[in-house]
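Asks: Sharing a structure here in structure tokens format.
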Amino acid sequence: MDQDRIDAQNWATEWAIRQKNKKIICIVIGILLAAFVYFAITAVKIYFTRTIFRSEAEMKEAMQGSFKYEDYQEIDIVGDKVYFTYFNVKDEDSGEYNEYTKSYTDNTYDDVVVKWHPYTGTIECDWLGDYTVDTKVNLTRNSTTFIRQ
């Protein structure tokens with residue numbers, strides 16, 4: 001009779017360990033599945049909202065030129081240099097913003113491209129921040145889209 005109790009107790013202990021192991025395995029699989037889904041959604045989002053390039057050289061060549069946001073901001077990319085120009089648009093007489101009478105006093109900031117990221121469609125700059133290249137090969141910076149000129 002004592003051997004039956006010992007066997008039953010051993011079986012109950014093994015069963016509890018197996019159940020605990022099953023829970024741990026289910027939690028690990030759930031975390032891995034959630035991570036996979038997150039990265040899959042991110043990859044699809046990048047693929048459909050950005051321009052992806054085959055190489056750094058192809059991206060660098062395609063992104064050369066001028067990009068403009070309305071009448072008062074412009075980005076010029078020349079080689080690995082980025083020039084961000086902000087135009088002050090003011091009425092000469094009243095000193096208020098006016099779309100007909102403009103006086104441009106520009107402020108140009110120079111920056112350097114630290115890294116071209118062709119597979120994610122981003123340009124990493126030294127201090128002006130990162131730019132993303134949308135599907136129309138325009139630049140986006142801080143939710144502002146600069147249209148290619």
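Residue numbering restarts at 1 in every chain; chains get A, B, ... in the order shown in the structure tokens, and ligands count up from 1 in that same order.
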Which residues of range 26-120 of chain A come within 6 Å of range 134-141 of chain A, and for each one, what is the closest pair of atoms and their distance in Å to one decimal, counting only C-alpha atoms, sorted by chain and residue number, as CSV?
Replies:
```
residue,atom,partner,partner_atom,distance
A:Thr49,CA,A:Thr135,CA,5.8
A:Arg50,CA,A:Asp134,CA,4.1
A:Thr51,CA,A:Thr135,CA,4.8
```
Asks: Give the strand (DSSP E) residues of chain A, as assigned by DSSP on the backbone, as a PyMOL selection string.
Replies: chain A and resi 65-69+73-78+81-90+103-117+122-125+130-133+139-141+144-148
Asks: Considering only C-alpha atoms, state which residue in the set A:Ile31, A:Ile24, A:Val113, A:Ala40 is at the smallest distance from Trp127 in chain A.
Replies: A:Val113
Asks: Which residues, written as a ChimeraX atom specification, have at least one atom at most 8 Å from Lys81 in chain A, with only C-alpha atoms counted and residues fewer than 5 positions away on the same chain left out?
Replies: /A:110-113
Asks: Any chance you can output those residues with N, CA, C and O atoms as a tab-separated table (two decimals), in the first residue's frame?
Replies:
```tsv
chain	number	residue	atom	x	y	z
A	110	ASP	N	23.41	73.22	-43.33
A	110	ASP	CA	24.13	72.14	-43.99
A	110	ASP	C	24.14	70.92	-43.10
A	110	ASP	O	24.26	71.05	-41.88
A	111	ASP	N	24.07	69.76	-43.71
A	111	ASP	CA	24.15	68.50	-42.97
A	111	ASP	C	24.82	67.47	-43.85
A	111	ASP	O	25.02	67.68	-45.05
A	112	VAL	N	25.16	66.35	-43.26
A	112	VAL	CA	25.83	65.27	-43.97
A	112	VAL	C	25.02	64.00	-43.78
A	112	VAL	O	24.52	63.72	-42.69
A	113	VAL	N	24.91	63.23	-44.87
A	113	VAL	CA	24.24	61.93	-44.76
A	113	VAL	C	25.19	60.98	-44.05
A	113	VAL	O	26.31	60.75	-44.49
```
Asks: In Å, rounded to a single decimal, give me how far CA of Lys45 in chain A is from CA of Thr132 in chain A.
Replies: 12.8 Å
Asks: Run DSSP on the backbone and tell me which residues of range 33-97 of chain A come out as alpha helix (DSSP H); list them as a list of chain:residue names.
Replies: A:Leu33, A:Ala34, A:Ala35, A:Phe36, A:Val37, A:Tyr38, A:Phe39, A:Ala40, A:Ile41, A:Thr42, A:Ala43, A:Val44, A:Lys45, A:Ile46, A:Tyr47, A:Phe48, A:Thr49, A:Glu56, A:Ala57, A:Glu58, A:Met59, A:Lys60, A:Glu61, A:Ala62
Asks: Counting only C-alpha atoms, which of A:Leu33, A:Lys20, A:Asp2, A:Asp80 gets nearest to Ala57 in chain A?
Replies: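 Nearest candidate to Ala57 in chain A out of A:Leu33, A:Lys20, A:Asp2, A:Asp80: A:Asp80.
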Asks: Any idea what's packed within 8 Å of Ile123 in chain A, counting only C-alpha atoms, ignoring anything in its chain fewer than 3 positions away? Could you give it as a list in words?
Replies: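 Using only C-alpha atoms, the neighbours found are Val113, Val114, Lys115, Trp116, His117, Asp130, Tyr131, Thr132 and Val133 of chain A.
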